[in-house]
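Printed here is input-v7.txt (compact mmCIF, C-alpha atoms (C1' of nucleotides)):
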# COMPACT_ATOMS: atom_id res chain seq x y z
CA MET E 1 112.18 79.05 88.40
CA GLY E 2 110.92 79.40 92.00
CA MET E 3 111.23 83.10 92.54
CA THR E 4 110.03 85.08 95.46
CA GLU E 5 108.64 88.48 94.72
CA SER E 6 111.05 90.37 96.87
CA LEU E 7 114.51 90.63 98.25
CA ASP E 8 115.26 89.22 101.67
CA SER E 9 115.76 91.96 104.17
CA THR E 10 119.55 91.85 104.34
CA ARG E 11 119.72 92.09 100.59
CA GLU E 12 117.23 94.87 100.51
CA ALA E 13 119.33 96.80 103.00
CA ALA E 14 122.42 96.20 100.87
CA TRP E 15 120.58 97.33 97.77
CA ARG E 16 119.35 100.53 99.38
CA ALA E 17 122.71 101.37 100.88
CA TYR E 18 124.38 100.76 97.56
CA ILE E 19 121.96 102.87 95.55
CA GLU E 20 122.05 105.81 97.89
CA ALA E 21 125.79 105.86 98.42
CA SER E 22 126.51 105.41 94.74
CA GLN E 23 124.32 108.32 93.84
CA ARG E 24 125.89 110.52 96.48
CA LEU E 25 129.37 109.46 95.53
CA TYR E 26 128.82 110.21 91.89
CA THR E 27 127.35 113.61 92.67
CA GLN E 28 130.22 114.46 94.97
CA LEU E 29 132.93 113.39 92.56
CA GLU E 30 131.35 115.33 89.74
CA GLU E 31 131.10 118.39 91.94
CA ASP E 32 134.72 118.11 93.08
CA LEU E 33 135.91 117.66 89.54
CA ARG E 34 134.05 120.69 88.27
CA ALA E 35 135.22 122.79 91.18
CA GLU E 36 138.86 122.24 90.37
CA SER E 37 139.03 121.63 86.65
CA ASP E 38 136.33 122.52 84.05
CA LEU E 39 135.91 118.83 83.41
CA SER E 40 132.85 116.71 83.89
CA PHE E 41 133.18 113.14 84.99
CA ALA E 42 132.47 112.07 81.42
CA ASP E 43 135.16 114.40 80.05
CA TYR E 44 137.64 112.98 82.50
CA HIS E 45 136.78 109.44 81.65
CA VAL E 46 137.15 110.09 77.93
CA LEU E 47 140.56 111.62 78.55
CA VAL E 48 141.68 108.63 80.59
CA LEU E 49 140.58 106.13 77.97
CA LEU E 50 142.21 108.02 75.13
CA SER E 51 145.42 108.58 77.04
CA GLU E 52 145.75 104.86 77.61
CA ALA E 53 144.93 103.83 74.08
CA PRO E 54 147.63 103.05 71.54
CA GLY E 55 148.19 106.17 69.44
CA GLN E 56 146.01 107.96 72.00
CA ARG E 57 143.05 107.38 69.75
CA LEU E 58 139.95 105.24 69.74
CA ARG E 59 137.14 104.46 67.40
CA MET E 60 133.88 106.10 68.34
CA GLY E 61 132.16 102.79 68.83
CA GLU E 62 134.90 101.41 71.01
CA LEU E 63 134.87 104.52 73.14
CA ALA E 64 131.11 104.44 73.43
CA SER E 65 131.08 100.86 74.57
CA ARG E 66 133.77 101.45 77.17
CA LEU E 67 132.03 104.52 78.49
CA ILE E 68 128.67 102.77 78.27
CA PHE E 69 127.36 105.72 76.28
CA SER E 70 124.81 105.58 73.52
CA PRO E 71 126.27 106.38 70.10
CA SER E 72 124.52 109.70 69.89
CA ARG E 73 125.55 110.66 73.38
CA LEU E 74 129.12 109.99 72.47
CA THR E 75 128.87 112.03 69.30
CA TYR E 76 127.65 114.93 71.39
CA GLN E 77 130.27 114.41 74.09
CA ILE E 78 133.11 114.30 71.61
CA SER E 79 131.98 117.34 69.68
CA SER E 80 131.80 119.24 72.91
CA MET E 81 135.34 118.20 73.81
CA GLN E 82 136.46 118.99 70.30
CA ARG E 83 135.02 122.47 70.61
CA ARG E 84 137.03 122.87 73.80
CA GLY E 85 140.18 121.63 72.12
CA MET E 86 140.70 118.43 74.08
CA VAL E 87 140.24 115.96 71.29
CA SER E 88 140.19 116.01 67.54
CA LYS E 89 138.41 113.70 65.19
CA GLU E 90 139.91 111.86 62.27
CA PRO E 91 138.41 109.56 59.70
CA CYS E 92 139.27 105.95 60.30
CA PRO E 93 141.81 104.69 57.76
CA ASP E 94 140.51 101.16 57.29
CA ASP E 95 136.76 101.74 57.53
CA ARG E 96 135.36 104.72 55.78
CA ARG E 97 132.20 104.68 57.84
CA GLY E 98 134.13 105.17 61.01
CA SER E 99 135.96 107.91 62.78
CA GLU E 100 138.31 108.05 65.68
CA ALA E 101 138.66 110.46 68.52
CA VAL E 102 142.24 111.55 69.11
CA LEU E 103 143.63 113.07 72.26
CA THR E 104 145.22 116.49 71.76
CA ALA E 105 148.13 117.92 73.69
CA ALA E 106 145.72 120.23 75.45
CA GLY E 107 143.55 117.28 76.35
CA LEU E 108 146.46 115.42 77.82
CA LEU E 109 147.45 118.46 79.78
CA ALA E 110 143.95 118.91 81.12
CA LEU E 111 143.99 115.30 82.25
CA ARG E 112 147.37 115.67 83.94
CA GLU E 113 146.20 118.73 85.78
CA ALA E 114 142.92 117.25 86.88
CA ALA E 115 144.08 113.76 87.79
CA PRO E 116 145.69 114.39 91.17
CA HIS E 117 142.66 116.28 92.42
CA HIS E 118 140.25 113.76 91.08
CA LEU E 119 142.15 110.82 92.49
CA ALA E 120 142.32 112.59 95.80
CA SER E 121 138.53 112.87 95.70
CA VAL E 122 138.17 109.21 94.96
CA ARG E 123 140.42 108.40 97.85
CA THR E 124 138.76 110.79 100.25
CA HIS E 125 135.20 109.87 99.51
CA LEU E 126 135.61 106.19 98.86
CA MET E 127 138.90 104.39 99.10
CA ASP E 128 140.35 105.77 102.30
CA ASP E 129 137.46 104.27 104.19
CA LEU E 130 138.06 100.78 102.93
CA ASP E 131 140.35 98.14 104.34
CA ASP E 132 142.09 95.67 102.06
CA ALA E 133 139.48 92.98 102.47
CA GLU E 134 136.78 95.40 101.50
CA VAL E 135 138.71 96.54 98.46
CA ALA E 136 139.11 92.92 97.44
CA CYS E 137 135.42 92.33 97.98
CA LEU E 138 134.43 95.26 95.79
CA THR E 139 136.79 94.23 93.04
CA ARG E 140 135.49 90.70 93.06
CA VAL E 141 131.82 91.61 93.29
CA PHE E 142 131.77 94.38 90.74
CA GLY E 143 134.15 92.61 88.44
CA ARG E 144 131.81 89.66 88.35
CA ILE E 145 128.71 91.79 87.90
CA GLY E 146 130.34 93.84 85.18
CA ASP E 147 131.36 90.69 83.36
CA ARG E 148 127.89 89.27 83.54
CA LEU E 149 126.25 92.43 82.33
CA ARG E 150 128.74 92.91 79.55
CA ALA E 151 128.12 89.36 78.42
CA SER E 152 124.35 89.52 78.63
CA ARG E 153 124.26 92.74 76.66
CA ALA E 154 126.61 91.39 74.02
CA GLY E 155 124.41 88.33 73.76
CA SER E 156 121.10 90.17 73.44
CA THR E 157 122.44 92.51 70.76
CA THR E 158 122.74 89.69 68.29
CA HIS E 159 119.21 88.81 67.27
CA ALA E 160 117.60 85.92 69.08
CA THR E 161 117.53 82.52 67.45
CA SER E 162 114.23 80.77 68.04
CA MET W 1 148.85 115.31 104.88
CA GLY W 2 151.19 113.02 102.93
CA MET W 3 149.12 112.12 99.93
CA THR W 4 150.25 110.26 96.92
CA GLU W 5 148.96 111.42 93.61
CA SER W 6 147.33 108.17 92.69
CA LEU W 7 145.53 105.12 93.86
CA ASP W 8 147.47 101.98 94.53
CA SER W 9 146.83 99.41 91.87
CA THR W 10 144.44 97.20 93.80
CA ARG W 11 142.35 100.24 94.63
CA GLU W 12 142.46 101.45 91.12
CA ALA W 13 141.19 98.09 89.92
CA ALA W 14 138.41 98.21 92.49
CA TRP W 15 137.49 101.71 91.43
CA ARG W 16 137.34 100.83 87.77
CA ALA W 17 135.36 97.68 88.33
CA TYR W 18 132.94 99.55 90.52
CA ILE W 19 132.40 102.41 88.08
CA GLU W 20 131.88 100.21 85.11
CA ALA W 21 129.60 97.70 86.78
CA SER W 22 127.56 100.41 88.45
CA GLN W 23 126.97 102.14 85.18
CA ARG W 24 126.02 98.93 83.46
CA LEU W 25 123.79 97.87 86.30
CA TYR W 26 121.95 101.14 86.34
CA THR W 27 121.45 101.06 82.58
CA GLN W 28 120.21 97.51 82.69
CA LEU W 29 117.78 98.08 85.53
CA GLU W 30 116.38 101.15 83.85
CA GLU W 31 115.94 99.25 80.63
CA ASP W 32 114.23 96.31 82.35
CA LEU W 33 111.94 98.63 84.22
CA ARG W 34 110.88 100.48 81.11
CA ALA W 35 110.39 97.27 79.21
CA GLU W 36 107.85 95.97 81.64
CA SER W 37 106.22 98.99 83.22
CA ASP W 38 106.24 102.57 81.81
CA LEU W 39 108.25 103.62 84.82
CA SER W 40 111.70 105.08 84.96
CA PHE W 41 113.99 104.24 87.82
CA ALA W 42 113.27 107.67 89.27
CA ASP W 43 109.52 107.14 89.01
CA TYR W 44 109.84 103.84 90.77
CA HIS W 45 111.94 105.27 93.52
CA VAL W 46 109.49 108.11 94.11
CA LEU W 47 106.67 105.60 94.36
CA VAL W 48 108.59 103.50 96.87
CA LEU W 49 109.39 106.45 99.09
CA LEU W 50 105.84 107.77 99.04
CA SER W 51 104.34 104.37 99.66
CA GLU W 52 106.44 103.98 102.78
CA ALA W 53 105.80 107.45 104.12
CA PRO W 54 103.14 108.10 106.76
CA GLY W 55 100.01 109.27 104.96
CA GLN W 56 101.77 108.25 101.77
CA ARG W 57 102.93 111.80 101.37
CA LEU W 58 106.19 113.69 101.63
CA ARG W 59 107.31 117.27 101.50
CA MET W 60 109.06 118.18 98.29
CA GLY W 61 112.28 118.97 100.07
CA GLU W 62 112.29 115.74 102.00
CA LEU W 63 111.67 113.76 98.87
CA ALA W 64 114.39 115.62 97.01
CA SER W 65 116.95 114.96 99.67
CA ARG W 66 116.11 111.28 99.85
CA LEU W 67 116.27 110.91 96.11
CA ILE W 68 119.36 113.08 95.96
CA PHE W 69 117.62 115.26 93.38
CA SER W 70 118.02 118.98 92.95
CA PRO W 71 114.89 120.94 93.85
CA SER W 72 114.15 121.78 90.25
CA ARG W 73 114.67 118.27 89.10
CA LEU W 74 112.18 117.10 91.66
CA THR W 75 109.65 119.71 90.60
CA TYR W 76 109.94 118.41 87.07
CA GLN W 77 109.80 114.78 88.13
CA ILE W 78 106.72 115.27 90.24
CA SER W 79 104.84 117.27 87.64
CA SER W 80 105.53 114.54 85.17
CA MET W 81 104.18 111.92 87.54
CA GLN W 82 101.24 114.16 88.33
CA ARG W 83 100.44 114.42 84.64
CA ARG W 84 100.48 110.64 84.48
CA GLY W 85 98.22 110.37 87.50
CA MET W 86 100.60 108.70 89.92
CA VAL W 87 100.87 111.45 92.46
CA SER W 88 99.00 114.58 93.35
CA LYS W 89 100.28 117.67 94.97
CA GLU W 90 98.83 119.39 97.99
CA PRO W 91 99.81 122.52 99.81
CA CYS W 92 101.50 121.83 103.10
CA PRO W 93 99.20 122.62 106.03
CA ASP W 94 101.78 124.02 108.44
CA ASP W 95 104.05 125.88 106.05
CA ARG W 96 102.47 127.85 103.31
CA ARG W 97 105.66 127.91 101.28
CA GLY W 98 105.74 124.17 101.03
CA SER W 99 103.89 121.47 99.23
CA GLU W 100 103.68 117.75 99.53
CA ALA W 101 103.57 115.02 96.96
CA VAL W 102 100.85 112.47 97.66
CA LEU W 103 100.66 108.97 96.28
CA THR W 104 97.47 108.26 94.34
CA ALA W 105 95.69 104.94 94.09
CA ALA W 106 96.93 104.65 90.52
CA GLY W 107 100.47 105.34 91.69
CA LEU W 108 100.26 102.63 94.29
CA LEU W 109 98.88 100.23 91.74
CA ALA W 110 101.67 101.05 89.31
CA LEU W 111 104.19 100.34 92.04
CA ARG W 112 102.55 97.05 92.96
CA GLU W 113 102.57 95.95 89.36
CA ALA W 114 106.14 96.96 88.70
CA ALA W 115 107.72 95.82 91.94
CA PRO W 116 107.97 92.08 91.32
CA HIS W 117 109.59 92.59 87.94
CA HIS W 118 111.93 95.22 89.20
CA LEU W 119 112.95 93.21 92.22
CA ALA W 120 113.53 90.23 89.98
CA SER W 121 115.87 92.40 87.91
CA VAL W 122 117.76 93.49 90.97
CA ARG W 123 118.12 89.89 92.01
CA THR W 124 119.11 88.65 88.60
CA HIS W 125 121.65 91.30 87.80
CA LEU W 126 123.07 91.88 91.24
CA MET W 127 121.95 89.98 94.27
CA ASP W 128 121.81 86.42 93.03
CA ASP W 129 125.51 86.57 92.37
CA LEU W 130 126.40 87.54 95.90
CA ASP W 131 127.00 85.30 98.86
CA ASP W 132 126.07 86.41 102.34
CA ALA W 133 129.52 87.70 103.20
CA GLU W 134 129.51 89.84 100.09
CA VAL W 135 126.09 91.21 100.88
CA ALA W 136 127.33 92.09 104.34
CA CYS W 137 130.38 93.73 102.87
CA LEU W 138 128.36 95.88 100.51
CA THR W 139 125.97 96.93 103.22
CA ARG W 140 128.82 97.88 105.50
CA VAL W 141 130.89 99.66 102.89
CA PHE W 142 128.13 101.59 101.20
CA GLY W 143 126.38 102.32 104.47
CA ARG W 144 129.53 103.91 105.76
CA ILE W 145 130.22 105.84 102.58
CA GLY W 146 126.65 107.04 102.38
CA ASP W 147 126.81 108.23 105.98
CA ARG W 148 130.01 110.09 105.38
CA LEU W 149 128.78 111.78 102.26
CA ARG W 150 125.45 112.67 103.81
CA ALA W 151 127.27 114.21 106.74
CA SER W 152 129.80 116.11 104.70
CA ARG W 153 127.13 117.55 102.46
CA ALA W 154 124.99 118.55 105.42
CA GLY W 155 128.00 120.25 106.91
CA SER W 156 129.03 122.18 103.83
CA THR W 157 125.50 123.47 103.21
CA THR W 158 125.56 125.65 106.27
CA HIS W 159 127.90 128.51 105.49
CA ALA W 160 131.41 128.17 106.75
CA THR W 161 132.44 129.89 109.93
CA SER W 162 135.98 131.22 109.71
C1' DG Z 1 106.01 144.58 114.57
C1' DA Z 2 109.48 146.29 110.99
C1' DG Z 3 113.41 144.89 108.79
C1' DC Z 4 116.12 141.35 107.04
C1' DA Z 5 118.35 137.07 106.24
C1' DC Z 6 117.08 132.55 105.20
C1' DT Z 7 114.21 128.61 103.46
C1' DA Z 8 110.75 126.23 100.13
C1' DG Z 9 109.75 125.53 95.86
C1' DT Z 10 108.98 127.10 91.03
C1' DT Z 11 110.23 129.07 86.60
C1' DA Z 12 113.01 130.01 82.51
C1' DA Z 13 116.94 129.38 79.57
C1' DA Z 14 120.69 126.70 78.32
C1' DT Z 15 122.76 122.23 78.18
C1' DT Z 16 122.60 117.32 78.01
C1' DT Z 17 120.54 112.95 77.04
C1' DT Z 18 117.52 109.94 74.65
C1' DG Z 19 115.33 107.67 70.78
C1' DA Z 20 114.15 107.22 66.20
C1' DA Z 21 115.35 107.84 61.58
C1' DC Z 22 118.80 108.40 58.41
C1' DG Z 23 123.00 108.20 54.95
C1' DA Z 24 126.93 105.91 53.98
C1' DA Z 25 129.96 101.92 53.94
C1' DT Z 26 130.70 97.07 54.76
C1' DG Z 27 130.36 92.26 54.02
C1' DC Z 28 127.86 88.22 53.41
C1' DT Z 29 125.17 85.17 50.24
C1' DA Z 30 123.66 83.78 46.25
C1' DT R 1 129.02 91.01 41.55
C1' DA R 2 124.25 92.23 42.68
C1' DG R 3 121.34 92.33 46.40
C1' DC R 4 120.56 92.84 51.02
C1' DA R 5 121.07 92.76 55.90
C1' DT R 6 124.17 94.81 59.18
C1' DT R 7 127.15 98.14 61.17
C1' DC R 8 129.07 102.95 61.94
C1' DG R 9 128.23 107.10 63.20
C1' DT R 10 125.46 111.37 62.79
C1' DT R 11 121.30 114.22 62.90
C1' DC R 12 116.99 115.88 64.49
C1' DA R 13 113.31 116.44 67.68
C1' DA R 14 111.65 115.50 72.16
C1' DA R 15 112.54 114.81 77.04
C1' DA R 16 115.30 115.39 81.02
C1' DT R 17 118.65 117.98 83.76
C1' DT R 18 121.22 121.85 85.35
C1' DT R 19 121.85 126.53 86.67
C1' DA R 20 120.46 130.84 87.91
C1' DA R 21 117.04 133.87 88.95
C1' DC R 22 112.92 134.61 91.24
C1' DT R 23 108.36 134.58 94.31
C1' DA R 24 106.52 133.73 98.46
C1' DG R 25 106.64 132.69 103.20
C1' DT R 26 109.14 132.11 107.63
C1' DG R 27 111.28 133.52 111.61
C1' DC R 28 114.80 135.93 113.97
C1' DT R 29 116.52 140.41 115.84
C1' DC R 30 116.01 144.63 117.28
structure tokens encoding of this file:
Amino acid sequence: MGMTESLDSTREAAWRAYIEASQRLYTQLEEDLRAESDLSFADYHVLVLLSEAPGQRLRMGELASRLIFSPSRLTYQISSMQRRGMVSKEPCPDDRRGSEAVLTAAGLLALREAAPHHLASVRTHLMDDLDDAEVACLTRVFGRIGDRLRASRAGSTTHATS
Amino acid sequence: MGMTESLDSTREAAWRAYIEASQRLYTQLEEDLRAESDLSFADYHVLVLLSEAPGQRLRMGELASRLIFSPSRLTYQISSMQRRGMVSKEPCPDDRRGSEAVLTAAGLLALREAAPHHLASVRTHLMDDLDDAEVACLTRVFGRIGDRLRASRAGSTTHATS
DNA sequence: GAGCACTAGTTAAATTTTGAACGAATGCTA
DNA sequence: TAGCATTCGTTCAAAATTTAACTAGTGCTC
């Protein structure tokens, strides 16, 4: 387990650059989105996931795990969107504990109106700066990290065997 | 300005991988930090910045802009840390409007105790997976994006001249 | 040096997020 | 099938965050 207590300096620089830029990027995208659409980043993301789902509906739990939201956060998020008419909620047919969030026509419209602006933001603030090799690098790196984190979380949920 | 309405598919994949992994990474690091130290990610970051600053003190505004926090969020953050004894607050000598956050001995100790664990998390969940070329790529990409966003925000703060 | 626009930071109210506890339904095991 | 651990999602209270005033101080312009 030989572990040093710190990051080597090139990795520390990478870490700091990543943290700062990610924070700025997120802030900027959220601001752009709100400026042109009444949607938060979370709203937008919910709309995307629902619009891509079969029947344009998803179980609360499934949605929460894709958004990486806590259950209660998702409950709040969905009721807020429901209040604004973008989604409705229906009881789940095969599991009476569950419910599903369903995209409404208004929700789909909101997504269609916001998407071009939002995607333009993503391009402007992030993607336009990247060459193909860099895009490939990001996909590879973050894909791998996401996989690992997804797996480790799935593993630790199930109670530990001695 | 010929702009398409969407991202090409490799960029879209990169974007999605990045967003998901970033969110998971942040969640995981925060959880690790709390599990082993009573500190939030924000607390930790404040401690790092103060510990590196000359006199181990920084103006509120300076700290806010480095953390990418709104002024009121920083006020809240610092009072919370003050309550817990990690920082103190002193009026700024040369500008009576201002104040500075000062690292306390307890704050420095908390940082020293948390750092090895936190850095181990960063390594485990992010850096250990990356080869040198990938580290270089991240540094370059996020450095550039951070610079651009910092610049564009600085520019838009000052009111627009027609 | 008075007036005025701007900056620093705080405060207050509303919104969002977390975390723990809960009620209801499921499904496994005996 | 009774019992019990687990899962699904919500609720409630507490903590964090945002947003919009607002106070105080600065510094420029005349």
Contact set, chain R to chain E: 10 Å, all atoms listed in the file, as a compact mmCIF listing (two decimals) with C-alpha atoms (C1' of nucleotides), in the frame of the given file:
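Final output, saved to selection_2.txt:
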# COMPACT_ATOMS: atom_id res chain seq x y z
C1' DT R 7 127.15 98.14 61.17
C1' DC R 8 129.07 102.95 61.94
C1' DG R 9 128.23 107.10 63.20
C1' DT R 10 125.46 111.37 62.79
C1' DT R 11 121.30 114.22 62.90
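Distance annotation: of W:Gly107, W:Leu39, W:Glu52, W:Ile68, the residue with the minimal separation from chain E is W:Ile68; atom set is all atoms listed in the file.
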Draw an axis-aligned box over all listed atoms of stretch 116-127 of chain W, pad each side with 4 Å, and write its centre and edge lengths in Å, one decimal, as JSON.
{"center_x": 115.5, "center_y": 91.9, "center_z": 91.0, "size_x": 23.1, "size_y": 14.6, "size_z": 14.5}
Within 9 Å of chain W, which residues of chain E are there when counting only C-alpha atoms? Please give them as a count of residues only. 56
Please compute the atom CA of W:His45-atom C1' of Z:DA12 distance, one decimal, in Å. 27.1 Å
Interface rows for chain Z against chain E: nearest pair, Å to one decimal, 12 Å, only C-alpha atoms (C1' of nucleotides), as a Markdown table:
| residue | atom | partner | partner_atom | distance |
| --- | --- | --- | --- | --- |
| Z:DT15 | C1' | E:Ser80 | CA | 10.9 |
| Z:DT16 | C1' | E:Arg73 | CA | 8.6 |
| Z:DT17 | C1' | E:Arg73 | CA | 6.6 |
| Z:DT18 | C1' | E:Arg73 | CA | 8.2 |
| Z:DG19 | C1' | E:Ser72 | CA | 9.5 |
| Z:DA20 | C1' | E:Ser72 | CA | 11.3 |
| Z:DG23 | C1' | E:Arg97 | CA | 10.3 |
| Z:DA24 | C1' | E:Arg97 | CA | 6.6 |
| Z:DA25 | C1' | E:Arg97 | CA | 5.3 |
| Z:DT26 | C1' | E:Asp95 | CA | 8.1 |
| Z:DG27 | C1' | E:Asp95 | CA | 12.0 |
Since we have the selection now, will you write its residues out, keeping C-alpha atoms (C1' of nucleotides), as a PDB file, in the frame of the given file?
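Printed below is out.pdb as written:
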ATOM      1  C1'  DT Z  15     122.760 122.230  78.180  1.00  0.00           C
ATOM      2  C1'  DT Z  16     122.600 117.320  78.010  1.00  0.00           C
ATOM      3  C1'  DT Z  17     120.540 112.950  77.040  1.00  0.00           C
ATOM      4  C1'  DT Z  18     117.520 109.940  74.650  1.00  0.00           C
ATOM      5  C1'  DG Z  19     115.330 107.670  70.780  1.00  0.00           C
ATOM      6  C1'  DA Z  20     114.150 107.220  66.200  1.00  0.00           C
ATOM      7  C1'  DG Z  23     123.000 108.200  54.950  1.00  0.00           C
ATOM      8  C1'  DA Z  24     126.930 105.910  53.980  1.00  0.00           C
ATOM      9  C1'  DA Z  25     129.960 101.920  53.940  1.00  0.00           C
ATOM     10  C1'  DT Z  26     130.700  97.070  54.760  1.00  0.00           C
ATOM     11  C1'  DG Z  27     130.360  92.260  54.020  1.00  0.00           C
TER      12       DG Z  27
END
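Going from atom CA of E:Glu100 over to atom C1' of R:DA5, you cover 25.0 Å.
Every protein, DNA or RNA residue with an atom at most 12 Å from R:DG3, where only C-alpha atoms (C1' of nucleotides) count and chain neighbours fewer than 3 positions away do not, is listed here: Z:DG27, Z:DC28, Z:DT29, Z:DA30.
The space separating atom CA of W:Arg57 from atom C1' of R:DA21 comes to 29.0 Å.
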At a cut-off of 10 Å, using only C-alpha atoms (C1' of nucleotides), what residues contact E:Gln82? Leave out same-chain residues fewer than 3 positions from it and give the result as JSON, numbers by chain. {"E": [76, 77, 78, 79, 85, 86, 87, 88, 89, 101, 102, 103, 104, 107]}
